[in-house]
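Heads up, query-v1.cif below (mmCIF, N, CA and C atoms):
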data_input
loop_
_atom_site.group_PDB
_atom_site.id
_atom_site.type_symbol
_atom_site.label_atom_id
_atom_site.label_comp_id
_atom_site.auth_asym_id
_atom_site.auth_seq_id
_atom_site.Cartn_x
_atom_site.Cartn_y
_atom_site.Cartn_z
ATOM 1 N N MET A 1331 -42.327 7.584 -19.102
ATOM 2 C CA MET A 1331 -41.134 7.627 -19.931
ATOM 3 C C MET A 1331 -40.138 8.619 -19.321
ATOM 4 N N GLU A 1332 -38.908 8.265 -19.387
ATOM 5 C CA GLU A 1332 -37.840 9.091 -18.804
ATOM 6 C C GLU A 1332 -37.549 10.301 -19.686
ATOM 7 N N ASN A 1333 -37.409 11.461 -19.046
ATOM 8 C CA ASN A 1333 -37.030 12.662 -19.789
ATOM 9 C C ASN A 1333 -35.553 12.589 -20.137
ATOM 10 N N LYS A 1334 -35.236 12.935 -21.380
ATOM 11 C CA LYS A 1334 -33.846 12.982 -21.811
ATOM 12 C C LYS A 1334 -33.573 14.374 -22.348
ATOM 13 N N GLU A 1335 -32.338 14.818 -22.177
ATOM 14 C CA GLU A 1335 -31.942 16.103 -22.731
ATOM 15 C C GLU A 1335 -31.174 15.849 -24.019
ATOM 16 N N LEU A 1336 -31.674 16.413 -25.104
ATOM 17 C CA LEU A 1336 -31.039 16.278 -26.408
ATOM 18 C C LEU A 1336 -30.428 17.621 -26.775
ATOM 19 N N LYS A 1337 -29.226 17.598 -27.352
ATOM 20 C CA LYS A 1337 -28.561 18.838 -27.756
ATOM 21 C C LYS A 1337 -28.203 18.756 -29.234
ATOM 22 N N PHE A 1338 -28.356 19.915 -29.895
ATOM 23 C CA PHE A 1338 -28.115 19.990 -31.332
ATOM 24 C C PHE A 1338 -27.339 21.252 -31.666
ATOM 25 N N LYS A 1339 -26.393 21.127 -32.568
ATOM 26 C CA LYS A 1339 -25.697 22.288 -33.136
ATOM 27 C C LYS A 1339 -26.575 22.769 -34.289
ATOM 28 N N THR A 1340 -26.923 24.069 -34.285
ATOM 29 C CA THR A 1340 -27.835 24.586 -35.308
ATOM 30 C C THR A 1340 -27.276 25.851 -35.958
ATOM 31 N N ASN A 1341 -28.024 26.358 -36.932
ATOM 32 C CA ASN A 1341 -27.714 27.665 -37.499
ATOM 33 C C ASN A 1341 -28.856 28.644 -37.203
ATOM 34 N N LEU A 1342 -29.548 28.425 -36.082
ATOM 35 C CA LEU A 1342 -30.579 29.356 -35.612
ATOM 36 C C LEU A 1342 -29.853 30.461 -34.863
ATOM 37 N N ASN A 1343 -29.624 31.611 -35.528
ATOM 38 C CA ASN A 1343 -28.732 32.589 -34.916
ATOM 39 C C ASN A 1343 -29.395 33.886 -34.471
ATOM 40 N N CYS A 1344 -30.737 33.962 -34.525
ATOM 41 C CA CYS A 1344 -31.387 35.184 -34.046
ATOM 42 C C CYS A 1344 -32.835 34.883 -33.661
ATOM 43 N N GLY A 1345 -33.471 35.862 -33.067
ATOM 44 C CA GLY A 1345 -34.855 35.692 -32.655
ATOM 45 C C GLY A 1345 -35.789 35.404 -33.819
ATOM 46 N N GLY A 1346 -35.492 35.983 -34.987
ATOM 47 C CA GLY A 1346 -36.307 35.725 -36.170
ATOM 48 C C GLY A 1346 -36.244 34.272 -36.596
ATOM 49 N N CYS A 1347 -35.039 33.706 -36.553
ATOM 50 C CA CYS A 1347 -34.868 32.284 -36.898
ATOM 51 C C CYS A 1347 -35.646 31.410 -35.916
ATOM 52 N N ILE A 1348 -35.498 31.730 -34.648
ATOM 53 C CA ILE A 1348 -36.156 30.937 -33.606
ATOM 54 C C ILE A 1348 -37.673 31.016 -33.773
ATOM 55 N N SER A 1349 -38.188 32.197 -34.118
ATOM 56 C CA SER A 1349 -39.639 32.340 -34.264
ATOM 57 C C SER A 1349 -40.183 31.468 -35.392
ATOM 58 N N LYS A 1350 -39.354 31.180 -36.399
ATOM 59 C CA LYS A 1350 -39.796 30.349 -37.516
ATOM 60 C C LYS A 1350 -39.970 28.880 -37.120
ATOM 61 N N VAL A 1351 -39.233 28.420 -36.118
ATOM 62 C CA VAL A 1351 -39.351 27.015 -35.686
ATOM 63 C C VAL A 1351 -40.173 26.871 -34.405
ATOM 64 N N GLN A 1352 -40.482 27.985 -33.751
ATOM 65 C CA GLN A 1352 -41.119 27.950 -32.428
ATOM 66 C C GLN A 1352 -42.446 27.183 -32.414
ATOM 67 N N ALA A 1353 -43.351 27.487 -33.332
ATOM 68 C CA ALA A 1353 -44.668 26.846 -33.319
ATOM 69 C C ALA A 1353 -44.547 25.336 -33.482
ATOM 70 N N ASP A 1354 -43.647 24.910 -34.379
ATOM 71 C CA ASP A 1354 -43.488 23.472 -34.615
ATOM 72 C C ASP A 1354 -42.881 22.767 -33.407
ATOM 73 N N LEU A 1355 -41.888 23.383 -32.788
ATOM 74 C CA LEU A 1355 -41.278 22.766 -31.599
ATOM 75 C C LEU A 1355 -42.250 22.789 -30.424
ATOM 76 N N ASP A 1356 -42.996 23.891 -30.277
ATOM 77 C CA ASP A 1356 -43.960 23.982 -29.180
ATOM 78 C C ASP A 1356 -45.059 22.931 -29.293
ATOM 79 N N SER A 1357 -45.456 22.610 -30.514
ATOM 80 C CA SER A 1357 -46.565 21.678 -30.705
ATOM 81 C C SER A 1357 -46.120 20.231 -30.933
ATOM 82 N N ALA A 1358 -44.822 20.002 -31.017
ATOM 83 C CA ALA A 1358 -44.323 18.644 -31.297
ATOM 84 C C ALA A 1358 -44.609 17.713 -30.130
ATOM 85 N N GLU A 1359 -45.128 16.547 -30.452
ATOM 86 C CA GLU A 1359 -45.380 15.510 -29.456
ATOM 87 C C GLU A 1359 -44.051 15.033 -28.889
ATOM 88 N N GLY A 1360 -43.923 15.000 -27.573
ATOM 89 C CA GLY A 1360 -42.717 14.466 -26.953
ATOM 90 C C GLY A 1360 -41.695 15.507 -26.538
ATOM 91 N N ILE A 1361 -41.988 16.795 -26.746
ATOM 92 C CA ILE A 1361 -41.091 17.856 -26.276
ATOM 93 C C ILE A 1361 -41.778 18.555 -25.112
ATOM 94 N N CYS A 1362 -41.108 18.599 -23.956
ATOM 95 C CA CYS A 1362 -41.710 19.335 -22.847
ATOM 96 C C CYS A 1362 -41.103 20.725 -22.694
ATOM 97 N N HIS A 1363 -39.883 20.932 -23.153
ATOM 98 C CA HIS A 1363 -39.244 22.246 -23.086
ATOM 99 C C HIS A 1363 -38.099 22.268 -24.092
ATOM 100 N N TRP A 1364 -37.829 23.461 -24.642
ATOM 101 C CA TRP A 1364 -36.693 23.604 -25.555
ATOM 102 C C TRP A 1364 -36.153 25.021 -25.450
ATOM 103 N N ASN A 1365 -34.887 25.179 -25.840
ATOM 104 C CA ASN A 1365 -34.231 26.476 -25.763
ATOM 105 C C ASN A 1365 -33.078 26.510 -26.766
ATOM 106 N N VAL A 1366 -32.836 27.688 -27.349
ATOM 107 C CA VAL A 1366 -31.683 27.879 -28.236
ATOM 108 C C VAL A 1366 -30.763 28.905 -27.597
ATOM 109 N N ASP A 1367 -29.499 28.540 -27.421
ATOM 110 C CA ASP A 1367 -28.496 29.450 -26.872
ATOM 111 C C ASP A 1367 -27.829 30.173 -28.039
ATOM 112 N N ILE A 1368 -28.375 31.335 -28.432
ATOM 113 C CA ILE A 1368 -27.827 32.049 -29.580
ATOM 114 C C ILE A 1368 -26.528 32.776 -29.252
ATOM 115 N N ASP A 1369 -26.177 32.859 -27.964
ATOM 116 C CA ASP A 1369 -24.902 33.468 -27.574
ATOM 117 C C ASP A 1369 -23.738 32.493 -27.749
ATOM 118 N N ASN A 1370 -24.032 31.198 -27.802
ATOM 119 C CA ASN A 1370 -23.027 30.163 -27.981
ATOM 120 C C ASN A 1370 -22.667 30.096 -29.471
ATOM 121 N N ALA A 1371 -21.392 29.910 -29.777
ATOM 122 C CA ALA A 1371 -20.930 29.858 -31.172
ATOM 123 C C ALA A 1371 -21.617 28.744 -31.968
ATOM 124 N N GLU A 1372 -22.008 27.657 -31.295
ATOM 125 C CA GLU A 1372 -22.649 26.534 -31.989
ATOM 126 C C GLU A 1372 -24.166 26.662 -32.035
ATOM 127 N N LYS A 1373 -24.716 27.767 -31.492
ATOM 128 C CA LYS A 1373 -26.168 28.000 -31.505
ATOM 129 C C LYS A 1373 -26.918 26.761 -31.025
ATOM 130 N N THR A 1374 -26.570 26.312 -29.832
ATOM 131 C CA THR A 1374 -27.042 25.036 -29.314
ATOM 132 C C THR A 1374 -28.537 25.046 -28.997
ATOM 133 N N LEU A 1375 -29.247 24.104 -29.602
ATOM 134 C CA LEU A 1375 -30.649 23.851 -29.290
ATOM 135 C C LEU A 1375 -30.679 22.731 -28.269
ATOM 136 N N THR A 1376 -31.304 22.987 -27.123
ATOM 137 C CA THR A 1376 -31.459 21.974 -26.088
ATOM 138 C C THR A 1376 -32.935 21.628 -25.991
ATOM 139 N N VAL A 1377 -33.243 20.339 -26.088
ATOM 140 C CA VAL A 1377 -34.625 19.866 -26.040
ATOM 141 C C VAL A 1377 -34.769 18.900 -24.874
ATOM 142 N N SER A 1378 -35.750 19.164 -24.019
ATOM 143 C CA SER A 1378 -36.093 18.219 -22.968
ATOM 144 C C SER A 1378 -37.133 17.283 -23.565
ATOM 145 N N SER A 1379 -36.726 16.045 -23.790
ATOM 146 C CA SER A 1379 -37.524 15.086 -24.545
ATOM 147 C C SER A 1379 -38.304 14.157 -23.633
ATOM 148 N N LYS A 1380 -39.578 13.973 -23.982
ATOM 149 C CA LYS A 1380 -40.395 12.942 -23.358
ATOM 150 C C LYS A 1380 -40.841 11.985 -24.454
ATOM 151 N N GLY A 1381 -39.894 11.512 -25.246
ATOM 152 C CA GLY A 1381 -40.222 10.524 -26.266
ATOM 153 C C GLY A 1381 -39.837 10.903 -27.678
ATOM 154 N N ILE A 1382 -39.642 12.199 -27.957
ATOM 155 C CA ILE A 1382 -39.243 12.577 -29.315
ATOM 156 C C ILE A 1382 -37.795 12.146 -29.542
ATOM 157 N N THR A 1383 -37.499 11.758 -30.771
ATOM 158 C CA THR A 1383 -36.147 11.287 -31.086
ATOM 159 C C THR A 1383 -35.313 12.413 -31.683
ATOM 160 N N GLU A 1384 -34.000 12.207 -31.711
ATOM 161 C CA GLU A 1384 -33.100 13.177 -32.336
ATOM 162 C C GLU A 1384 -33.491 13.394 -33.794
ATOM 163 N N ASP A 1385 -33.788 12.311 -34.497
ATOM 164 C CA ASP A 1385 -34.138 12.410 -35.916
ATOM 165 C C ASP A 1385 -35.397 13.247 -36.123
ATOM 166 N N GLU A 1386 -36.366 13.103 -35.222
ATOM 167 C CA GLU A 1386 -37.607 13.871 -35.349
ATOM 168 C C GLU A 1386 -37.357 15.365 -35.130
ATOM 169 N N VAL A 1387 -36.498 15.706 -34.161
ATOM 170 C CA VAL A 1387 -36.168 17.115 -33.918
ATOM 171 C C VAL A 1387 -35.431 17.687 -35.128
ATOM 172 N N VAL A 1388 -34.459 16.949 -35.649
ATOM 173 C CA VAL A 1388 -33.708 17.401 -36.830
ATOM 174 C C VAL A 1388 -34.674 17.629 -37.998
ATOM 175 N N ALA A 1389 -35.629 16.739 -38.181
ATOM 176 C CA ALA A 1389 -36.598 16.871 -39.280
ATOM 177 C C ALA A 1389 -37.433 18.139 -39.134
ATOM 178 N N ILE A 1390 -37.833 18.475 -37.914
ATOM 179 C CA ILE A 1390 -38.602 19.704 -37.676
ATOM 180 C C ILE A 1390 -37.775 20.920 -38.069
ATOM 181 N N ILE A 1391 -36.532 20.972 -37.606
ATOM 182 C CA ILE A 1391 -35.666 22.115 -37.891
ATOM 183 C C ILE A 1391 -35.402 22.217 -39.393
ATOM 184 N N GLN A 1392 -35.111 21.091 -40.034
ATOM 185 C CA GLN A 1392 -34.821 21.095 -41.466
ATOM 186 C C GLN A 1392 -36.050 21.473 -42.289
ATOM 187 N N SER A 1393 -37.236 21.128 -41.814
ATOM 188 C CA SER A 1393 -38.457 21.458 -42.562
ATOM 189 C C SER A 1393 -38.670 22.966 -42.651
ATOM 190 N N LYS A 1394 -38.027 23.716 -41.760
ATOM 191 C CA LYS A 1394 -38.132 25.173 -41.754
ATOM 192 C C LYS A 1394 -36.929 25.834 -42.444
ATOM 193 N N GLY A 1395 -36.047 25.008 -43.042
ATOM 194 C CA GLY A 1395 -34.940 25.542 -43.810
ATOM 195 C C GLY A 1395 -33.660 25.777 -43.021
ATOM 196 N N PHE A 1396 -33.590 25.211 -41.826
ATOM 197 C CA PHE A 1396 -32.393 25.386 -41.000
ATOM 198 C C PHE A 1396 -31.671 24.051 -40.837
ATOM 199 N N LYS A 1397 -30.482 24.121 -40.277
ATOM 200 C CA LYS A 1397 -29.676 22.922 -40.055
ATOM 201 C C LYS A 1397 -29.653 22.579 -38.573
ATOM 202 N N ALA A 1398 -29.588 21.289 -38.283
ATOM 203 C CA ALA A 1398 -29.426 20.821 -36.905
ATOM 204 C C ALA A 1398 -28.723 19.476 -36.951
ATOM 205 N N GLU A 1399 -27.733 19.314 -36.094
ATOM 206 C CA GLU A 1399 -27.078 18.021 -35.989
ATOM 207 C C GLU A 1399 -26.862 17.704 -34.519
ATOM 208 N N PRO A 1400 -27.116 16.455 -34.139
ATOM 209 C CA PRO A 1400 -26.963 16.073 -32.737
ATOM 210 C C PRO A 1400 -25.540 16.295 -32.235
ATOM 211 N N VAL A 1401 -25.450 16.731 -30.997
ATOM 212 C CA VAL A 1401 -24.151 16.896 -30.322
ATOM 213 C C VAL A 1401 -23.986 15.717 -29.381
ATOM 214 N N ALA A 1402 -22.868 15.024 -29.511
ATOM 215 C CA ALA A 1402 -22.635 13.825 -28.683
ATOM 216 C C ALA A 1402 -22.406 14.203 -27.236
#
Spell out the structure here as structure tokens.
Amino acid sequence: MENKELKFKTNLNCGGCISKVQADLDSAEGICHWNVDIDNAEKTLTVSSKGITEDEVVAIIQSKGFKAEPVA
């Protein structure tokens, strides 16, 4: 399966926020790497996908009480 890069605008704005979603993103099927740019105004989450969908990533983030929306 082809790796795709997915980007999301989030409200993950500090290390504490990131730590709350880290275990779920690390263990999610279909994610090979992810990163949150907290220095960027949009707090961009970048996911290197090996099969996970945008909707699945959004669901993970929302399940922890945060917001995420795909960036076109």
Check which residues satisfy the PyMOL selection byres ((chain A and resi 1338) around 7) in the file shown, then give them as a VMD selection string.
chain A and resid 1336 to 1337 1339 to 1340 1372 to 1377 1398 to 1401
Based on the backbone DSSP call, show me all residues of chain A assigned strand (DSSP E or B), as a ChimeraX atom specification.
/A:1334-1340,1361-1367,1374-1379,1398-1400
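The closest residue to A:Lys1394, picked from A:Ile1368, A:Lys1380, A:His1363, A:Lys1350 and counting all atoms listed in the file, is A:Lys1350.
A straight line drawn from atom CA of A:Gly1346 to atom CA of A:Ala1402 is 26.9 Å long.
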Closest to A:Phe1396 among A:Asp1354, A:Asp1367, A:Asn1341, A:Ser1379, using only N, CA and C atoms?
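Of A:Asp1354, A:Asp1367, A:Asn1341, A:Ser1379, the one nearest A:Phe1396, counting only N, CA and C atoms, is A:Asn1341.
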Among the residues of stretch 1342-1391 of chain A, find those DSSP assigns to alpha helix (DSSP H) from the backbone and print them as a ChimeraX atom specification.
/A:1345-1357,1384-1391
Could you jot down the atom N of A:Asp1385 to atom CA of A:Ser1357 separation for me, Å, one decimal place?
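Atom CA of A:Ser1357 lies 16.3 Å from atom N of A:Asp1385.
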Hey, which of A:Glu1386, A:Cys1362, A:Gln1392, A:Asp1369 ends up closest to A:Asn1343? Count all atoms listed in the file.
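Closest residue, counting all atoms listed in the file: A:Asp1369.
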Could you tell me which of A:Leu1355, A:Ser1349, A:Glu1335, A:Val1366 comes closest to A:Val1387 if we count all atoms listed in the file?
A:Leu1355
Atom pair atom CA of A:Ile1390 / atom CA of A:Asp1356: separation (Å)
10.9 Å
Of the listed residues A:Leu1342, A:Lys1397, A:Ile1382, A:Ala1389, that which approaches A:Glu1359 most closely, counting only C-alpha atoms:
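Nearest candidate to A:Glu1359 out of A:Leu1342, A:Lys1397, A:Ile1382, A:Ala1389: A:Ile1382.
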Let me make sure I understand: among A:Ser1378, A:Gly1395, A:Lys1334, A:Val1388, which one has the smallest atom-to-atom distance to A:Trp1364 if we use only N, CA and C atoms?
A:Ser1378
Output stretch 1361-1372 of chain A as a short mmCIF file (atom, residue, chain, number, x, y, z; two decimals), in the frame of the given file, making sure all heavy atoms are there.
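And here is the file that came out, selection.cif:
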data_model
loop_
_atom_site.label_atom_id
_atom_site.label_comp_id
_atom_site.auth_asym_id
_atom_site.auth_seq_id
_atom_site.Cartn_x
_atom_site.Cartn_y
_atom_site.Cartn_z
N ILE A 1361 -41.99 16.80 -26.75
CA ILE A 1361 -41.09 17.86 -26.28
C ILE A 1361 -41.78 18.56 -25.11
O ILE A 1361 -42.90 19.04 -25.26
CB ILE A 1361 -40.78 18.89 -27.37
CG1 ILE A 1361 -39.97 18.26 -28.50
CG2 ILE A 1361 -40.03 20.09 -26.79
CD1 ILE A 1361 -39.64 19.22 -29.65
N CYS A 1362 -41.11 18.60 -23.96
CA CYS A 1362 -41.71 19.34 -22.85
C CYS A 1362 -41.10 20.72 -22.69
O CYS A 1362 -41.76 21.62 -22.18
CB CYS A 1362 -41.67 18.54 -21.55
SG CYS A 1362 -40.15 17.77 -21.13
N HIS A 1363 -39.88 20.93 -23.15
CA HIS A 1363 -39.24 22.25 -23.09
C HIS A 1363 -38.10 22.27 -24.09
O HIS A 1363 -37.47 21.26 -24.34
CB HIS A 1363 -38.70 22.51 -21.67
CG HIS A 1363 -37.98 23.81 -21.55
ND1 HIS A 1363 -38.63 25.02 -21.52
CD2 HIS A 1363 -36.66 24.10 -21.48
CE1 HIS A 1363 -37.73 25.99 -21.41
NE2 HIS A 1363 -36.53 25.46 -21.39
N TRP A 1364 -37.83 23.46 -24.64
CA TRP A 1364 -36.69 23.60 -25.56
C TRP A 1364 -36.15 25.02 -25.45
O TRP A 1364 -36.85 25.93 -25.01
CB TRP A 1364 -37.09 23.27 -26.99
CG TRP A 1364 -38.11 24.19 -27.58
CD1 TRP A 1364 -39.47 24.07 -27.47
CD2 TRP A 1364 -37.88 25.37 -28.34
NE1 TRP A 1364 -40.09 25.10 -28.12
CE2 TRP A 1364 -39.14 25.93 -28.66
CE3 TRP A 1364 -36.74 26.03 -28.78
CZ2 TRP A 1364 -39.28 27.09 -29.41
CZ3 TRP A 1364 -36.88 27.19 -29.52
CH2 TRP A 1364 -38.14 27.70 -29.83
N ASN A 1365 -34.89 25.18 -25.84
CA ASN A 1365 -34.23 26.48 -25.76
C ASN A 1365 -33.08 26.51 -26.77
O ASN A 1365 -32.43 25.50 -27.00
CB ASN A 1365 -33.68 26.69 -24.35
CG ASN A 1365 -33.03 28.05 -24.20
OD1 ASN A 1365 -33.63 29.07 -24.50
ND2 ASN A 1365 -31.80 28.06 -23.75
N VAL A 1366 -32.84 27.69 -27.35
CA VAL A 1366 -31.68 27.88 -28.24
C VAL A 1366 -30.76 28.90 -27.60
O VAL A 1366 -31.20 30.00 -27.25
CB VAL A 1366 -32.09 28.37 -29.64
CG1 VAL A 1366 -30.86 28.56 -30.51
CG2 VAL A 1366 -33.06 27.40 -30.29
N ASP A 1367 -29.50 28.54 -27.42
CA ASP A 1367 -28.50 29.45 -26.87
C ASP A 1367 -27.83 30.17 -28.04
O ASP A 1367 -26.85 29.69 -28.60
CB ASP A 1367 -27.47 28.68 -26.04
CG ASP A 1367 -26.42 29.57 -25.41
OD1 ASP A 1367 -26.48 30.81 -25.62
OD2 ASP A 1367 -25.55 29.05 -24.70
N ILE A 1368 -28.38 31.34 -28.43
CA ILE A 1368 -27.83 32.05 -29.58
C ILE A 1368 -26.53 32.78 -29.25
O ILE A 1368 -25.84 33.24 -30.15
CB ILE A 1368 -28.85 33.02 -30.21
CG1 ILE A 1368 -29.35 34.04 -29.20
CG2 ILE A 1368 -30.00 32.26 -30.85
CD1 ILE A 1368 -30.24 35.12 -29.79
N ASP A 1369 -26.18 32.86 -27.96
CA ASP A 1369 -24.90 33.47 -27.57
C ASP A 1369 -23.74 32.49 -27.75
O ASP A 1369 -22.59 32.90 -27.83
CB ASP A 1369 -24.96 33.95 -26.12
CG ASP A 1369 -25.97 35.08 -25.95
OD1 ASP A 1369 -26.14 35.88 -26.90
OD2 ASP A 1369 -26.59 35.16 -24.88
N ASN A 1370 -24.03 31.20 -27.80
CA ASN A 1370 -23.03 30.16 -27.98
C ASN A 1370 -22.67 30.10 -29.47
O ASN A 1370 -23.54 30.19 -30.33
CB ASN A 1370 -23.61 28.82 -27.50
CG ASN A 1370 -22.64 27.68 -27.61
OD1 ASN A 1370 -22.10 27.39 -28.67
ND2 ASN A 1370 -22.43 27.00 -26.52
N ALA A 1371 -21.39 29.91 -29.78
CA ALA A 1371 -20.93 29.86 -31.17
C ALA A 1371 -21.62 28.74 -31.97
O ALA A 1371 -21.81 28.86 -33.18
CB ALA A 1371 -19.42 29.66 -31.22
N GLU A 1372 -22.01 27.66 -31.30
CA GLU A 1372 -22.65 26.53 -31.99
C GLU A 1372 -24.17 26.66 -32.03
O GLU A 1372 -24.84 25.79 -32.56
CB GLU A 1372 -22.23 25.21 -31.34
CG GLU A 1372 -20.74 24.96 -31.49
CD GLU A 1372 -20.35 23.53 -31.21
OE1 GLU A 1372 -21.05 22.83 -30.47
OE2 GLU A 1372 -19.31 23.13 -31.76
#
